[in-house]
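**Student:** Sharing a structure here in structure tokens format.
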Amino acid sequence: MSYDVVALLAAEPGMIAVSHALRDAGADLSVRPLDGGVLQLRDADRRALATLEPAQAVESRGEVARLLGPEAAANLPDTCWWAEVRARPDAAGREAAHRVADGLALRLGGSVWTSGPGDFSLWEETGHPAVEIEAEEAFVVAQDREVVPLSSWITDAVSANALRGTVLQVVAPRTSRLTYALRTLLTQPMARWVVRDGEGGQFDGVSGLPLRWDRVHGYVPASHRGNTPEPADGFLDISPLGAHLVVDLSVRHGASFAPPLGRAVELVAEHLAGALPAGWGPHEPALAPWERERLVRLVRHRAPRAAVLQFSGPLDAGHPFSGCARVSWAPDGERAAERISLAVGYEDEEALPLGSLPHLVEALAEEGLLDVLHVRRARGRRDVTFEPRWHGLAVPVGMALGPHGVRRAGEEHALTGPLEGELLGGAGARAIWYPAPGGATRQRASEAMAAQLRHIAAAPRA
């Protein structure tokens, strides 16, 4: 497991302050610059001890409490900078990391947060500061934190290993929870959430199945001599968790982002969470304040490359939510597609605002921000973090077809089919909301949604 230290500073750490902090870590240590302004401390044998990321301004202060806990967010300086150090999880690495972080906090003011103690038994010297150990076809990032985010450490490791074709596996103790962004990534094919059970074993945090280490594939399901494997003890805990609404929305943008990028996120958040996003960024922590103009500048700067933006809601208003928006460009470099996925947390299923969904569909359609919408419900913590336990399978709540799809299929055809649709919106902004059949099982609801999509796709062309 890694050992992470975050210095929450009252002033921006400039070159002089950083140089002094690195020097304080030990006169016999050397500094190696890495890509992106990252600095790495190495010992006399040139082994990596600690790696310092460039500091980020904390403009969305709720992220500190969301990811580091309320104690870390108490008495934050009026201006605040997040400087993170990832250390080799042995005594030498921990000491170097603390000398750097403590030195910055002493010179600039602020406080220091630390992760769990880590576990040096996993550590191997690799080519990336976030990667703990490598197999032939997998790379492992270990995190000993209460809440494990989709950090820049992880996103950079994924990018660095993309050409090798190796897959991501994240190892964390049983006491850790994942953010929505990281859990979504780890439910992709071949990725894996590896949970250490505290007794020398490990299991999959999504399925609960026992795992073993393999030098080729990384962590793989343990063999059980033909018997059906049993989930880890406690994984099937069915005690109350809360409830989530999970929204997947696609939007087509014309030239100059008309309708505007980010507005669809605002509408979904207003209708389902009762609050606007508080912060955003290319990874977590999402420390920039929510401003659509800044989103547009970043996305245009990255064009024609796709941009992925993480966002989260405020902690002191509405219902908690977290999500991401992926913006990709058409070949002409002007039109873009925005795909949004977010989860909103509630106390229980009775609190789900299902009656607000038709109003949301109508609002999105009238602003030209609806292509296709899918809504599901699932068990989950109200704070939209995920424990290593069974959450069940998400159940479809309904889907919506935007004005473009309605015009293409024709209103009459789109309103027929396996699902009964509700026509919403004024002239020129017609959308259809298809609620899932009342009382249907998850499988039946999913089959009905798929059949309705096939029916729409089979509309006769004019």
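By order of appearance in the structure tokens: chains A, B, ..., then residues from 1 within every chain, and ligands from 1 in the order shown.
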Taking only region 246-384 of chain A into account, list the residues labelled helix (DSSP H, G or I) by DSSP (computed from the backbone), as a PyMOL selection string.
**Tutor:** chain A and resi 255-257+263-272+292-302+349-351+354-366
**Student:** Excluding Tyr219 (chain A) and any residue of its chain fewer than 6 positions from it, enumerate the residues within 12 Å of it, using only C-alpha atoms, and give them as a VMD selection string.
**Tutor:** chain A and resid 133 to 141 167 to 171 190 to 196 201 to 204 209 to 213
**Student:** Quick one: everything within 10 Å of Asp43 (chain A), counting only C-alpha atoms, minus sequence neighbours fewer than 2 positions away in the same chain. Send it as a PyMOL selection string.
**Tutor:** chain A and resi 26-31+41+45-50+92-93+96
**Student:** Could you write out the selected residues, including N, CA and C atoms, as a JSON list (two decimals), in the first residue's frame?
**Tutor:**
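To be explicit, this is the file written out as again.json:
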[["chain", "number", "residue", "atom", "x", "y", "z"],
["A", 26, "GLY", "N", 16.66, 15.81, 3.21],
["A", 26, "GLY", "CA", 17.94, 15.12, 3.42],
["A", 26, "GLY", "C", 18.98, 15.58, 2.42],
["A", 27, "ALA", "N", 20.13, 15.99, 2.92],
["A", 27, "ALA", "CA", 21.17, 16.51, 2.04],
["A", 27, "ALA", "C", 21.73, 15.44, 1.12],
["A", 28, "ASP", "N", 21.58, 14.17, 1.50],
["A", 28, "ASP", "CA", 22.13, 13.08, 0.68],
["A", 28, "ASP", "C", 21.15, 12.59, -0.38],
["A", 29, "LEU", "N", 19.97, 13.22, -0.46],
["A", 29, "LEU", "CA", 18.97, 12.79, -1.42],
["A", 29, "LEU", "C", 19.08, 13.61, -2.70],
["A", 30, "SER", "N", 18.74, 13.00, -3.81],
["A", 30, "SER", "CA", 18.76, 13.70, -5.09],
["A", 30, "SER", "C", 17.33, 13.93, -5.57],
["A", 31, "VAL", "N", 17.15, 14.95, -6.41],
["A", 31, "VAL", "CA", 15.83, 15.31, -6.94],
["A", 31, "VAL", "C", 15.82, 15.00, -8.44],
["A", 41, "LEU", "N", 12.09, 12.49, -5.09],
["A", 41, "LEU", "CA", 13.27, 12.34, -4.24],
["A", 41, "LEU", "C", 13.78, 10.91, -4.32],
["A", 45, "ASP", "N", 21.06, 5.17, -3.45],
["A", 45, "ASP", "CA", 21.03, 4.06, -4.41],
["A", 45, "ASP", "C", 20.09, 4.32, -5.56],
["A", 46, "ARG", "N", 19.61, 5.58, -5.67],
["A", 46, "ARG", "CA", 18.72, 6.05, -6.74],
["A", 46, "ARG", "C", 17.37, 5.34, -6.73],
["A", 47, "ARG", "N", 16.94, 4.91, -5.56],
["A", 47, "ARG", "CA", 15.60, 4.34, -5.41],
["A", 47, "ARG", "C", 14.63, 5.46, -5.04],
["A", 48, "ALA", "N", 13.43, 5.40, -5.60],
["A", 48, "ALA", "CA", 12.43, 6.43, -5.34],
["A", 48, "ALA", "C", 11.98, 6.37, -3.89],
["A", 49, "LEU", "N", 11.99, 7.55, -3.22],
["A", 49, "LEU", "CA", 11.52, 7.65, -1.85],
["A", 49, "LEU", "C", 10.15, 8.33, -1.78],
["A", 50, "ALA", "N", 10.03, 9.48, -2.43],
["A", 50, "ALA", "CA", 8.80, 10.26, -2.37],
["A", 50, "ALA", "C", 8.67, 11.09, -3.64],
["A", 92, "ALA", "N", 11.88, 4.96, 5.53],
["A", 92, "ALA", "CA", 12.63, 6.01, 4.83],
["A", 92, "ALA", "C", 11.71, 6.84, 3.94],
["A", 93, "GLY", "N", 10.80, 6.19, 3.23],
["A", 93, "GLY", "CA", 9.88, 6.92, 2.37],
["A", 93, "GLY", "C", 8.93, 7.79, 3.15],
["A", 96, "ALA", "N", 10.79, 10.88, 4.47],
["A", 96, "ALA", "CA", 11.06, 11.87, 3.42],
["A", 96, "ALA", "C", 9.79, 12.63, 3.05]]
**Student:** Can you tell me, as a ChimeraX atom specification, which residues in region 64-220 of chain A count as strand (DSSP E) by DSSP?
**Tutor:** /A:81-87,110-114,133-134,138-142,147-148,167-173,177-179,192-196,202-204,210-214,218-220
**Student:** Which residues, written as a PyMOL selection string, have at least one atom at most 9 Å from region 248-262 of chain A, with only C-alpha atoms counted and residues fewer than 2 positions away on the same chain left out?
**Tutor:** chain A and resi 246+264-266+291-293+295-296+325+327+333-342+367-376
**Student:** What is the CA of Ala83 (chain A) to CA of Leu182 (chain A) distance in Å?
**Tutor:**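 So the answer is 20.7 Å.
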**Student:** Please provide as a ChimeraX atom specification all residues within 12 Å of Asp119 (chain A), with the sequence filter that same-chain residues fewer than 3 positions apart are discarded (counting only C-alpha atoms).
**Tutor:** /A:1-4,87-91,93-94,115-116,122-124,132,142-144,171-173,196,198,200
**Student:** Select from region 296-401 of chain A every residue with an atom at most 6 Å from any atom of region 436-452 of chain A, then for each give the shortest pair of atoms and their distance in Å to one decimal, using only C-alpha atoms, rows by chain and rising number, as CSV.
**Tutor:**
residue,atom,partner,partner_atom,distance
A:Val395,CA,A:Arg442,CA,5.0
A:Val397,CA,A:Ala436,CA,5.3
A:Gly398,CA,A:Ala436,CA,4.8
**Student:** Those selected residues, please, written with N, CA and C atoms and delivered as a PDB file, in the first residue's frame.
**Tutor:**
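Here's the written file result-v4.pdb:
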ATOM      1  N   VAL A 395     -31.420  -1.053 -11.471  1.00  0.00           N
ATOM      2  CA  VAL A 395     -32.720  -1.338 -12.062  1.00  0.00           C
ATOM      3  C   VAL A 395     -33.148  -0.159 -12.931  1.00  0.00           C
ATOM      4  N   VAL A 397     -35.147   2.754 -14.484  1.00  0.00           N
ATOM      5  CA  VAL A 397     -36.291   3.572 -14.082  1.00  0.00           C
ATOM      6  C   VAL A 397     -37.031   4.091 -15.313  1.00  0.00           C
ATOM      7  N   GLY A 398     -36.277   4.437 -16.337  1.00  0.00           N
ATOM      8  CA  GLY A 398     -36.885   4.925 -17.567  1.00  0.00           C
ATOM      9  C   GLY A 398     -35.829   5.466 -18.502  1.00  0.00           C
TER      10      GLY A 398
END
**Student:** For Ala243 (chain A), which residue among A:Pro320, A:Gly208, A:Gly345, A:Gly279 is the nearest when counting only C-alpha atoms?
**Tutor:**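 The closest residue to Ala243 (chain A) is A:Gly345.
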**Student:** In terms of the shortest atom-to-atom distance over only C-alpha atoms, which of A:Arg408, A:Arg107, A:Arg326, A:Arg305 is closest to Ile16 (chain A)?
**Tutor:** A:Arg107
